[in-house]
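*Asks:* Next up, model15.pdb (PDB, C-alpha atoms, pLDDT in the B column).
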MODEL        1
ATOM      1  CA  TRP P  30     107.908 105.547  66.332  1.00 43.00           C
ATOM      2  CA  SER P  31     109.549 107.672  63.651  1.00 40.00           C
ATOM      3  CA  VAL P  32     110.872 110.187  66.188  1.00 42.00           C
ATOM      4  CA  PHE P  33     112.137 107.342  68.379  1.00 47.00           C
ATOM      5  CA  GLN P  34     114.116 105.675  65.634  1.00 50.00           C
ATOM      6  CA  HIS P  35     116.502 108.593  65.141  1.00 47.00           C
ATOM      7  CA  TRP P  36     117.869 108.562  68.669  1.00 43.00           C
ATOM      8  CA  LEU P  37     117.068 105.095  70.034  1.00 53.00           C
ATOM      9  CA  ALA P  38     119.938 103.500  68.150  1.00 50.00           C
ATOM     10  CA  ASP P  39     122.263 106.072  69.733  1.00 54.00           C
ATOM     11  CA  VAL P  40     121.200 105.328  73.323  1.00 55.00           C
ATOM     12  CA  PRO P  41     124.412 103.408  74.206  1.00 52.00           C
ATOM     13  CA  SER P  42     126.605 106.347  73.196  1.00 51.00           C
ATOM     14  CA  LYS P  43     124.380 108.736  75.155  1.00 51.00           C
ATOM     15  CA  LEU P  44     124.911 106.639  78.286  1.00 53.00           C
ATOM     16  CA  GLY P  45     128.649 106.218  77.958  1.00 55.00           C
ATOM     17  CA  THR P  46     130.475 102.942  78.350  1.00 50.00           C
ATOM     18  CA  ARG P  47     131.340 102.924  82.032  1.00 56.00           C
ATOM     19  CA  CYS P  48     129.614 102.679  85.368  1.00 67.00           C
ATOM     20  CA  PRO P  49     130.022 105.533  87.850  1.00 57.00           C
ATOM     21  CA  PRO P  50     133.630 105.449  89.166  1.00 57.00           C
ATOM     22  CA  LEU P  51     134.647 103.338  92.129  1.00 50.00           C
ATOM     23  CA  ALA P  52     136.655 106.139  93.698  1.00 45.00           C
ATOM     24  CA  GLY P  53     135.529 106.947  97.195  1.00 45.00           C
ATOM     25  CA  LEU P  54     133.735 103.631  97.628  1.00 47.00           C
ATOM     26  CA  GLY P  55     136.763 101.734  98.855  1.00 47.00           C
ATOM     27  CA  LEU P  56     136.372  99.248  96.010  1.00 51.00           C
ATOM     28  CA  THR P  57     139.584  99.287  94.017  1.00 57.00           C
ATOM     29  CA  ARG P  58     140.587  95.639  93.650  1.00 69.00           C
ATOM     30  CA  PRO P  59     138.089  93.133  92.246  1.00 70.00           C
ATOM     31  CA  PRO P  60     137.744  89.808  94.050  1.00 78.00           C
ATOM     32  CA  GLU P  61     139.668  86.829  92.730  1.00 86.00           C
ATOM     33  CA  LEU P  62     137.771  84.135  90.835  1.00 92.00           C
ATOM     34  CA  THR P  63     138.552  80.452  90.964  1.00 95.00           C
ATOM     35  CA  GLN P  64     139.691  78.660  87.829  1.00 96.00           C
ATOM     36  CA  GLU P  65     136.368  76.846  87.744  1.00 96.00           C
ATOM     37  CA  GLN P  66     134.449  80.134  87.898  1.00 96.00           C
ATOM     38  CA  LEU P  67     136.569  81.615  85.112  1.00 94.00           C
ATOM     39  CA  GLU P  68     136.112  78.555  82.913  1.00 95.00           C
ATOM     40  CA  LYS P  69     132.336  78.562  83.405  1.00 97.00           C
ATOM     41  CA  LEU P  70     132.176  82.285  82.628  1.00 97.00           C
ATOM     42  CA  ASP P  71     134.241  81.808  79.457  1.00 95.00           C
ATOM     43  CA  LYS P  72     132.049  78.900  78.370  1.00 96.00           C
ATOM     44  CA  TRP P  73     128.908  80.948  78.926  1.00 97.00           C
ATOM     45  CA  CYS P  74     130.328  83.874  76.948  1.00 96.00           C
ATOM     46  CA  GLU P  75     131.333  81.548  74.133  1.00 95.00           C
ATOM     47  CA  ASP P  76     127.827  80.095  73.925  1.00 96.00           C
ATOM     48  CA  MET P  77     125.806  83.265  74.457  1.00 96.00           C
ATOM     49  CA  VAL P  78     127.646  86.537  73.753  1.00 96.00           C
ATOM     50  CA  GLY P  79     127.827  87.916  70.248  1.00 92.00           C
ATOM     51  CA  VAL P  80     125.847  85.078  68.655  1.00 94.00           C
ATOM     52  CA  THR P  81     124.122  86.399  65.552  1.00 93.00           C
ATOM     53  CA  CYS P  82     120.343  86.220  65.386  1.00 94.00           C
ATOM     54  CA  SER P  83     119.174  85.454  61.865  1.00 91.00           C
ATOM     55  CA  ALA P  84     115.840  84.911  60.151  1.00 90.00           C
ATOM     56  CA  ASP P  85     117.124  81.726  58.531  1.00 90.00           C
ATOM     57  CA  GLU P  86     117.888  80.010  61.840  1.00 91.00           C
ATOM     58  CA  HIS P  87     115.792  81.705  64.512  1.00 94.00           C
ATOM     59  CA  SER P  88     112.402  82.651  63.073  1.00 96.00           C
ATOM     60  CA  ASP P  89     110.735  79.988  65.231  1.00 96.00           C
ATOM     61  CA  PHE P  90     111.977  81.795  68.350  1.00 96.00           C
ATOM     62  CA  LEU P  91     110.261  84.990  67.195  1.00 96.00           C
ATOM     63  CA  ARG P  92     107.009  83.198  66.435  1.00 96.00           C
ATOM     64  CA  LYS P  93     107.107  81.628  69.886  1.00 97.00           C
ATOM     65  CA  LEU P  94     107.686  85.057  71.424  1.00 98.00           C
ATOM     66  CA  TRP P  95     104.673  86.426  69.557  1.00 97.00           C
ATOM     67  CA  ASP P  96     102.467  83.556  70.766  1.00 97.00           C
ATOM     68  CA  LEU P  97     103.602  84.097  74.360  1.00 98.00           C
ATOM     69  CA  SER P  98     102.984  87.835  74.055  1.00 98.00           C
ATOM     70  CA  TYR P  99      99.555  87.546  72.429  1.00 97.00           C
ATOM     71  CA  PRO P 100      98.238  84.087  73.395  1.00 95.00           C
ATOM     72  CA  GLU P 101      94.643  84.898  72.469  1.00 94.00           C
ATOM     73  CA  SER P 102      95.408  86.542  69.147  1.00 93.00           C
ATOM     74  CA  ASP P 103      94.688  84.882  65.831  1.00 93.00           C
ATOM     75  CA  VAL P 104      97.232  87.165  64.164  1.00 91.00           C
ATOM     76  CA  LYS P 105     100.409  85.349  63.145  1.00 93.00           C
ATOM     77  CA  PRO P 106     102.671  87.953  61.550  1.00 96.00           C
ATOM     78  CA  ASP P 107     105.202  87.123  58.911  1.00 96.00           C
ATOM     79  CA  ILE P 108     108.762  88.404  59.099  1.00 95.00           C
ATOM     80  CA  PRO P 109     108.842  91.193  58.111  1.00 95.00           C
ATOM     81  CA  ASP P 110     105.413  92.546  59.072  1.00 97.00           C
ATOM     82  CA  PRO P 111     104.248  95.888  60.555  1.00 96.00           C
ATOM     83  CA  GLN P 112     102.622  93.949  63.436  1.00 96.00           C
ATOM     84  CA  TRP P 113     106.028  93.526  65.095  1.00 97.00           C
ATOM     85  CA  LYS P 114     105.975  97.206  66.023  1.00 95.00           C
ATOM     86  CA  ARG P 115     103.207  96.360  68.509  1.00 94.00           C
ATOM     87  CA  LEU P 116     105.785  94.450  70.530  1.00 96.00           C
ATOM     88  CA  GLY P 117     108.132  97.423  70.593  1.00 96.00           C
ATOM     89  CA  PHE P 118     110.416  96.761  67.649  1.00 96.00           C
ATOM     90  CA  GLN P 119     111.465  99.768  65.600  1.00 93.00           C
ATOM     91  CA  GLY P 120     110.444  98.413  62.231  1.00 94.00           C
ATOM     92  CA  ASN P 121     108.792  95.587  60.351  1.00 96.00           C
ATOM     93  CA  ASP P 122     111.750  93.216  60.710  1.00 96.00           C
ATOM     94  CA  PRO P 123     112.683  92.448  64.341  1.00 96.00           C
ATOM     95  CA  PHE P 124     115.951  90.836  63.286  1.00 95.00           C
ATOM     96  CA  THR P 125     117.228  94.294  62.386  1.00 94.00           C
ATOM     97  CA  ASP P 126     116.927  95.352  66.045  1.00 96.00           C
ATOM     98  CA  PHE P 127     118.561  92.179  67.332  1.00 94.00           C
ATOM     99  CA  ARG P 128     121.817  93.010  65.583  1.00 89.00           C
ATOM    100  CA  SER P 129     123.060  95.072  68.547  1.00 86.00           C
ATOM    101  CA  ALA P 130     122.732  92.335  71.200  1.00 94.00           C
ATOM    102  CA  GLY P 131     122.300  89.178  69.120  1.00 95.00           C
ATOM    103  CA  LEU P 132     120.509  85.979  69.996  1.00 96.00           C
ATOM    104  CA  LEU P 133     121.001  86.574  73.725  1.00 97.00           C
ATOM    105  CA  SER P 134     118.327  89.273  73.697  1.00 97.00           C
ATOM    106  CA  VAL P 135     115.853  86.815  72.125  1.00 97.00           C
ATOM    107  CA  HIS P 136     116.564  84.346  74.923  1.00 98.00           C
ATOM    108  CA  VAL P 137     115.979  87.107  77.482  1.00 98.00           C
ATOM    109  CA  LEU P 138     112.583  88.035  76.050  1.00 98.00           C
ATOM    110  CA  LEU P 139     111.512  84.385  75.891  1.00 98.00           C
ATOM    111  CA  HIS P 140     112.722  83.781  79.459  1.00 98.00           C
ATOM    112  CA  PHE P 141     110.816  86.838  80.684  1.00 98.00           C
ATOM    113  CA  ALA P 142     107.610  85.676  78.997  1.00 98.00           C
ATOM    114  CA  GLU P 143     107.928  82.057  80.168  1.00 98.00           C
ATOM    115  CA  THR P 144     109.292  82.507  83.697  1.00 97.00           C
ATOM    116  CA  TYR P 145     107.430  85.640  84.798  1.00 97.00           C
ATOM    117  CA  PRO P 146     104.355  85.628  82.519  1.00 97.00           C
ATOM    118  CA  ASP P 147     102.240  87.982  84.645  1.00 96.00           C
ATOM    119  CA  LYS P 148     105.034  90.544  85.003  1.00 97.00           C
ATOM    120  CA  TYR P 149     105.837  90.193  81.308  1.00 98.00           C
ATOM    121  CA  GLN P 150     102.268  90.924  80.270  1.00 97.00           C
ATOM    122  CA  GLU P 151     101.959  93.781  82.745  1.00 96.00           C
ATOM    123  CA  THR P 152     105.212  95.387  81.637  1.00 97.00           C
ATOM    124  CA  MET P 153     104.533  94.895  77.929  1.00 97.00           C
ATOM    125  CA  LYS P 154     101.044  96.387  78.146  1.00 95.00           C
ATOM    126  CA  ARG P 155     102.154  99.343  80.260  1.00 94.00           C
ATOM    127  CA  SER P 156     104.948 100.106  77.779  1.00 96.00           C
ATOM    128  CA  MET P 157     102.210 100.907  75.257  1.00 93.00           C
ATOM    129  CA  GLY P 158     101.230 103.973  77.302  1.00 89.00           C
ATOM    130  CA  ASN P 159      97.483 103.342  77.073  1.00 81.00           C
ATOM    131  CA  GLY P 160      97.697 104.032  73.362  1.00 79.00           C
ATOM    132  CA  SER P 161      99.591 107.318  73.783  1.00 86.00           C
ATOM    133  CA  VAL P 162     102.970 107.598  72.071  1.00 87.00           C
ATOM    134  CA  GLU P 163     103.914 110.314  74.564  1.00 92.00           C
ATOM    135  CA  THR P 164     103.773 107.926  77.547  1.00 93.00           C
ATOM    136  CA  SER P 165     104.976 104.758  75.810  1.00 95.00           C
ATOM    137  CA  TYR P 166     108.376 103.171  75.389  1.00 96.00           C
ATOM    138  CA  PRO P 167     109.527 100.421  72.969  1.00 95.00           C
ATOM    139  CA  PHE P 168     109.241  97.209  74.982  1.00 97.00           C
ATOM    140  CA  ALA P 169     111.355  94.881  72.829  1.00 97.00           C
ATOM    141  CA  CYS P 170     113.967  97.558  72.165  1.00 97.00           C
ATOM    142  CA  ALA P 171     114.149  98.229  75.901  1.00 97.00           C
ATOM    143  CA  ALA P 172     114.991  94.561  76.494  1.00 97.00           C
ATOM    144  CA  ILE P 173     117.642  94.648  73.771  1.00 97.00           C
ATOM    145  CA  ASN P 174     119.165  97.762  75.352  1.00 97.00           C
ATOM    146  CA  ILE P 175     119.208  96.039  78.747  1.00 98.00           C
ATOM    147  CA  VAL P 176     121.124  93.080  77.309  1.00 98.00           C
ATOM    148  CA  PHE P 177     123.593  95.418  75.620  1.00 97.00           C
ATOM    149  CA  MET P 178     123.952  97.376  78.865  1.00 98.00           C
ATOM    150  CA  LEU P 179     124.726  94.291  80.969  1.00 98.00           C
ATOM    151  CA  THR P 180     127.285  92.871  78.556  1.00 97.00           C
ATOM    152  CA  ASP P 181     128.844  96.339  78.289  1.00 96.00           C
ATOM    153  CA  ILE P 182     129.203  97.192  81.984  1.00 97.00           C
ATOM    154  CA  MET P 183     130.767  93.776  82.664  1.00 97.00           C
ATOM    155  CA  LYS P 184     132.764  93.849  79.420  1.00 95.00           C
ATOM    156  CA  LEU P 185     131.639  90.323  78.597  1.00 96.00           C
ATOM    157  CA  LYS P 186     133.491  89.181  75.497  1.00 91.00           C
ATOM    158  CA  ARG P 187     133.373  85.976  73.529  1.00 87.00           C
ATOM    159  CA  PRO P 188     136.630  83.979  73.835  1.00 84.00           C
ATOM    160  CA  GLY P 189     138.429  83.983  70.527  1.00 74.00           C
ATOM    161  CA  SER P 190     136.776  87.230  69.434  1.00 70.00           C
ATOM    162  CA  GLY P 191     140.156  88.914  69.317  1.00 65.00           C
ATOM    163  CA  GLU P 192     139.256  91.230  72.191  1.00 70.00           C
ATOM    164  CA  ALA P 193     141.136  90.733  75.445  1.00 66.00           C
ATOM    165  CA  ARG P 194     139.181  90.554  78.690  1.00 75.00           C
ATOM    166  CA  SER P 195     139.014  94.043  80.211  1.00 80.00           C
ATOM    167  CA  ASN P 196     141.024  94.634  83.376  1.00 82.00           C
ATOM    168  CA  GLU P 197     139.131  97.800  84.289  1.00 89.00           C
ATOM    169  CA  PRO P 198     138.393  97.550  88.027  1.00 91.00           C
ATOM    170  CA  ASP P 199     134.739  98.502  87.524  1.00 93.00           C
ATOM    171  CA  ALA P 200     134.073  95.866  84.896  1.00 94.00           C
ATOM    172  CA  ALA P 201     136.161  93.201  86.648  1.00 93.00           C
ATOM    173  CA  ARG P 202     134.268  93.615  89.918  1.00 95.00           C
ATOM    174  CA  LEU P 203     130.857  93.435  88.238  1.00 96.00           C
ATOM    175  CA  ARG P 204     131.997  90.492  86.142  1.00 96.00           C
ATOM    176  CA  ALA P 205     133.191  88.686  89.275  1.00 95.00           C
ATOM    177  CA  THR P 206     129.782  89.110  90.881  1.00 96.00           C
ATOM    178  CA  TYR P 207     128.118  87.697  87.789  1.00 97.00           C
ATOM    179  CA  ALA P 208     130.558  84.767  87.666  1.00 97.00           C
ATOM    180  CA  ARG P 209     129.595  83.855  91.224  1.00 96.00           C
ATOM    181  CA  MET P 210     125.906  84.053  90.310  1.00 97.00           C
ATOM    182  CA  LEU P 211     126.499  81.931  87.220  1.00 98.00           C
ATOM    183  CA  GLU P 212     128.285  79.284  89.277  1.00 96.00           C
ATOM    184  CA  THR P 213     125.013  78.223  90.896  1.00 95.00           C
ATOM    185  CA  ASP P 214     122.497  79.334  88.254  1.00 97.00           C
ATOM    186  CA  ASP P 215     122.949  78.845  84.512  1.00 97.00           C
ATOM    187  CA  LYS P 216     120.096  81.285  83.875  1.00 98.00           C
ATOM    188  CA  ALA P 217     121.504  84.068  86.054  1.00 98.00           C
ATOM    189  CA  PHE P 218     121.970  86.483  83.144  1.00 98.00           C
ATOM    190  CA  LEU P 219     118.441  85.879  81.886  1.00 98.00           C
ATOM    191  CA  ASP P 220     116.999  86.522  85.328  1.00 98.00           C
ATOM    192  CA  LEU P 221     119.191  89.576  85.854  1.00 98.00           C
ATOM    193  CA  SER P 222     117.999  91.021  82.538  1.00 98.00           C
ATOM    194  CA  CYS P 223     114.365  90.478  83.537  1.00 98.00           C
ATOM    195  CA  ILE P 224     115.000  92.157  86.894  1.00 98.00           C
ATOM    196  CA  CYS P 225     116.526  95.153  85.117  1.00 98.00           C
ATOM    197  CA  MET P 226     113.500  95.323  82.814  1.00 98.00           C
ATOM    198  CA  MET P 227     111.191  95.318  85.838  1.00 98.00           C
ATOM    199  CA  PHE P 228     113.263  98.052  87.470  1.00 98.00           C
ATOM    200  CA  LEU P 229     113.185 100.137  84.288  1.00 98.00           C
ATOM    201  CA  ASP P 230     109.414  99.773  84.085  1.00 97.00           C
ATOM    202  CA  ALA P 231     108.924 100.642  87.774  1.00 96.00           C
ATOM    203  CA  GLU P 232     111.137 103.693  87.334  1.00 97.00           C
ATOM    204  CA  TRP P 233     109.089 104.677  84.284  1.00 96.00           C
ATOM    205  CA  VAL P 234     105.939 104.529  86.386  1.00 94.00           C
ATOM    206  CA  ARG P 235     107.491 106.268  89.405  1.00 96.00           C
ATOM    207  CA  THR P 236     108.808 109.232  87.410  1.00 96.00           C
ATOM    208  CA  LYS P 237     105.798 109.449  85.067  1.00 95.00           C
ATOM    209  CA  ALA P 238     108.297 109.502  82.218  1.00 96.00           C
ATOM    210  CA  THR P 239     107.569 110.303  78.582  1.00 95.00           C
ATOM    211  CA  TYR P 240     109.116 108.571  75.584  1.00 91.00           C
ATOM    212  CA  MET P 241     111.798 111.255  75.122  1.00 93.00           C
ATOM    213  CA  GLN P 242     113.000 110.479  78.672  1.00 96.00           C
ATOM    214  CA  PHE P 243     113.729 106.842  77.845  1.00 96.00           C
ATOM    215  CA  PRO P 244     117.533 107.385  77.750  1.00 96.00           C
ATOM    216  CA  THR P 245     117.360 108.958  81.226  1.00 97.00           C
ATOM    217  CA  ILE P 246     115.433 105.979  82.621  1.00 97.00           C
ATOM    218  CA  LEU P 247     117.906 103.575  81.008  1.00 97.00           C
ATOM    219  CA  LYS P 248     120.817 105.531  82.491  1.00 97.00           C
ATOM    220  CA  THR P 249     119.285 105.268  85.963  1.00 98.00           C
ATOM    221  CA  THR P 250     118.811 101.536  85.403  1.00 98.00           C
ATOM    222  CA  ARG P 251     122.462 101.230  84.418  1.00 98.00           C
ATOM    223  CA  GLU P 252     123.699 103.101  87.486  1.00 98.00           C
ATOM    224  CA  ARG P 253     121.533 101.158  89.939  1.00 98.00           C
ATOM    225  CA  THR P 254     122.549  97.865  88.337  1.00 98.00           C
ATOM    226  CA  CYS P 255     126.215  98.762  88.775  1.00 97.00           C
ATOM    227  CA  VAL P 256     125.609  99.417  92.466  1.00 97.00           C
ATOM    228  CA  ALA P 257     123.788  96.102  92.873  1.00 97.00           C
ATOM    229  CA  LEU P 258     126.529  94.099  91.141  1.00 97.00           C
ATOM    230  CA  ARG P 259     129.280  95.783  93.151  1.00 95.00           C
ATOM    231  CA  SER P 260     127.788  94.503  96.366  1.00 90.00           C
ATOM    232  CA  GLY P 261     129.315  91.398  97.870  1.00 85.00           C
ATOM    233  CA  ALA P 262     125.811  90.533  99.071  1.00 91.00           C
ATOM    234  CA  THR P 263     124.602  90.020  95.504  1.00 95.00           C
ATOM    235  CA  LYS P 264     125.211  86.302  95.153  1.00 94.00           C
ATOM    236  CA  ASN P 265     122.088  85.321  93.225  1.00 96.00           C
ATOM    237  CA  SER P 266     119.173  86.760  91.267  1.00 96.00           C
ATOM    238  CA  ALA P 267     116.971  87.105  94.334  1.00 96.00           C
ATOM    239  CA  ALA P 268     119.616  89.278  96.010  1.00 97.00           C
ATOM    240  CA  ALA P 269     119.938  91.389  92.855  1.00 97.00           C
ATOM    241  CA  ALA P 270     116.168  91.881  92.823  1.00 97.00           C
ATOM    242  CA  ARG P 271     116.201  92.981  96.462  1.00 96.00           C
ATOM    243  CA  SER P 272     119.039  95.409  95.789  1.00 97.00           C
ATOM    244  CA  LEU P 273     117.082  96.964  92.924  1.00 97.00           C
ATOM    245  CA  GLY P 274     113.844  97.018  94.909  1.00 96.00           C
ATOM    246  CA  VAL P 275     112.140  94.640  92.487  1.00 96.00           C
ATOM    247  CA  ASP P 276     109.427  92.189  93.496  1.00 94.00           C
ATOM    248  CA  LEU P 277     109.563  89.436  90.899  1.00 90.00           C
ATOM    249  CA  TYR P 278     105.873  88.670  91.180  1.00 83.00           C
ATOM    250  CA  ALA P 279     103.946  91.654  92.612  1.00 78.00           C
ATOM    251  CA  SER P 280     102.300  94.135  90.305  1.00 74.00           C
ATOM    252  CA  VAL P 281     103.918  97.580  90.134  1.00 67.00           C
ATOM    253  CA  ASP P 282     100.456  99.037  90.637  1.00 63.00           C
ATOM    254  CA  ASP P 283     100.234  97.213  93.981  1.00 58.00           C
ATOM    255  CA  GLU P 284     103.635  98.371  95.263  1.00 53.00           C
TER     256      GLU P 284
ENDMDL
END
Rewrite the coordinates I just gave you, this time as structure tokens.
*Replies:*
Amino acid sequence: WSVFQHWLADVPSKLGTRCPPLAGLGLTRPPELTQEQLEKLDKWCEDMVGVTCSADEHSDFLRKLWDLSYPESDVKPDIPDPQWKRLGFQGNDPFTDFRSAGLLSVHVLLHFAETYPDKYQETMKRSMGNGSVETSYPFACAAINIVFMLTDIMKLKRPGSGEARSNEPDAARLRATYARMLETDDKAFLDLSCICMMFLDAEWVRTKATYMQFPTILKTTRERTCVALRSGATKNSAAAARSLGVDLYASVDDE
């Protein structure tokens, strides 16, 4: 992973900070949200966005993730430990990677493993590239990048962080779609992140990508996610999955 480490941390800057422009799509004014929707979105951001993930408080979450990832393994790695690289972390201490997206990315990985265990195992194992670095991608780091991507395109900020909510039409429209999803499903972000991971993996398979093409695959994932969240038809996770062409339960190899 030594080659990966030099440019993986720079993936967000390679992708830019915006979705493709809305010009020409007839989408210039984001839909209005109710006060209740805004309050629920703010509460979710306060509880979930920008929360620091630390070894002192959250080591049990990482151990649970390891057990879900390798249920038949007798190995129980310490933190730090080189074994964490098997799961797609850049180094021996996974908490170093979690700095960019915080505790939310841990929740996403746990939700993926618990809610879609077959897809989680399939995606995790395929990310290893059959033992070839050339055809592998860093599974855990991919999930962290997905979480960063989603919070970035919607400009989700923690209330009281000192940063005003973005009024960019792109971000406001995507954020409005998410707020409507959140209204009926408290785990909408977790599901959406899993769907994006499944899309990324399917795109990896479809394009026969190599590890140096990871930023390109992530960029495609970002663009397609923007399109899905712009759609007024995307009112829940199932609709988002359909828009991205993701089957939440079928194997990619069977599609």
*Asks:* Taking into account only C-alpha atoms, which residue in the set P:Gly79, P:Pro146, P:Gly120, P:Pro59 is nearest to Lys186 in chain P?
*Replies:*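 Selected residue with least distance to Lys186 in chain P: P:Gly79.
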*Asks:* Enumerate, as a list in words, the residues matched when the PyMOL selection byres ((chain P and resi 219) around 9) is run on the file above.
*Replies:* Leu133, Ser134, His136, Val137, Leu138, His140, Phe141, Val176, Asp215, Lys216, Ala217, Phe218, Asp220, Leu221, Ser222, Cys223 and Ile224 of chain P
*Asks:* From the options P:Ser98, P:Gln150, P:Ser165, P:Ser88, which residue's atoms come nearest to Asp122 in chain P, counting only C-alpha atoms?
*Replies:*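 For Asp122 in chain P, the nearest of the candidates is P:Ser88.
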*Asks:* Counting only C-alpha atoms, which of P:Lys69, P:Arg155, P:Arg92, P:His87 gets nearest to Lys237 in chain P?
*Replies:*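 Closest residue, counting only C-alpha atoms: P:Arg155.
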*Asks:* Just the number, please: distance in Å from CA of Arg202 in chain P to CA of Leu229 in chain P, one decimal.
*Replies:* 22.8 Å
*Asks:* Contacts of Ala200 in chain P at 7 Å or less, counting all atoms listed in the file, minus same-chain residues fewer than 2 places along, as a ChimeraX atom specification?
*Replies:* /P:182-184,197-198,202-204
*Asks:* Residue by residue, what does the PyMOL selection byres ((chain P and resi 242) around 12) grab here? Present the result as a ChimeraX atom specification.
*Replies:* /P:33,36-37,40,163-166,229,232-233,236-241,243-249
*Asks:* Please measure the separation of CA of Leu185 in chain P and CA of Pro123 in chain P, giving the value in Å to one decimal.
*Replies:*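 Answer for the CA of Leu185 in chain P to CA of Pro123 in chain P separation: 23.8 Å.
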*Asks:* In terms of the shortest atom-to-atom distance over only C-alpha atoms, which of P:Met210, P:Ala205, P:Ala171, P:Val135 is closest to Gly117 in chain P?
*Replies:*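 Counting only C-alpha atoms, the residue closest to Gly117 in chain P is P:Ala171.
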*Asks:* Applying 9 Å and all atoms listed in the file, which residues near Cys170 in chain P remain after dropping the ones on its own chain fewer than 5 positions away? List them as a list in words.
*Replies:*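 Here the qualifying residues turn out to be Leu37, Leu116, Gly117, Phe118, Gln119, Asp126, Phe127 and Ile175 of chain P.
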*Asks:* Can you spit out the residues from that selection as a PDB file, in the coordinates of the input, using C-alpha atoms?
*Replies:*
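Contents of again_39.pdb, as written:
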ATOM      1  CA  LEU P  37     117.068 105.095  70.034  1.00 53.00           C
ATOM      2  CA  LEU P 116     105.785  94.450  70.530  1.00 96.00           C
ATOM      3  CA  GLY P 117     108.132  97.423  70.593  1.00 96.00           C
ATOM      4  CA  PHE P 118     110.416  96.761  67.649  1.00 96.00           C
ATOM      5  CA  GLN P 119     111.465  99.768  65.600  1.00 93.00           C
ATOM      6  CA  ASP P 126     116.927  95.352  66.045  1.00 96.00           C
ATOM      7  CA  PHE P 127     118.561  92.179  67.332  1.00 94.00           C
ATOM      8  CA  ILE P 175     119.208  96.039  78.747  1.00 98.00           C
TER       9      ILE P 175
END
*Asks:* Tell me which residues the PyMOL selection byres ((chain P and resi 147) around 12) grabs here, as a PyMOL selection string.
*Replies:* chain P and resi 97-98+141-146+148-154+227+277-281
*Asks:* Would you kindly return, as a list in words, each protein, DNA or RNA residue with an atom no farther than 8 Å from any atom of Leu62 in chain P, considering all atoms listed in the file and excluding same-chain residues fewer than 4 positions away?
*Replies:*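 With the cut-off at 8 Å, the set is Gln66, Leu67, Ala205 and Ala208 of chain P.
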*Asks:* So that I can see what lies close to Trp73 in chain P, please list as a PDB file with C-alpha atoms, in the coordinates of the input the residues with an atom at most 9 Å from it, counting all atoms listed in the file and leaving out residues fewer than 5 positions away in the same chain.
*Replies:*
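The file below, out32.pdb, is the result:
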ATOM      1  CA  GLU P  68     136.112  78.555  82.913  1.00 95.00           C
ATOM      2  CA  VAL P  78     127.646  86.537  73.753  1.00 96.00           C
ATOM      3  CA  ARG P 187     133.373  85.976  73.529  1.00 87.00           C
ATOM      4  CA  LEU P 211     126.499  81.931  87.220  1.00 98.00           C
ATOM      5  CA  ASP P 215     122.949  78.845  84.512  1.00 97.00           C
TER       6      ASP P 215
END
*Asks:* State, in Å with one decimal place, the distance from CA of Ser272 in chain P to CA of Ala257 in chain P.
*Replies:*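 Result for CA of Ser272 in chain P versus CA of Ala257 in chain P: 5.6 Å, one decimal.
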*Asks:* Name all residues at most 12 Å from Asp89 in chain P (count all atoms listed in the file; drop same-chain ones fewer than 5 positions away) and give them as a list in words.
*Replies:*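 Final neighbour list, sorted by chain and number: Cys82, Ser83, Ala84, Leu94, Trp95, Asp96, Lys105, Pro106, Asp107, Ile108, Val135 and Leu139 of chain P.
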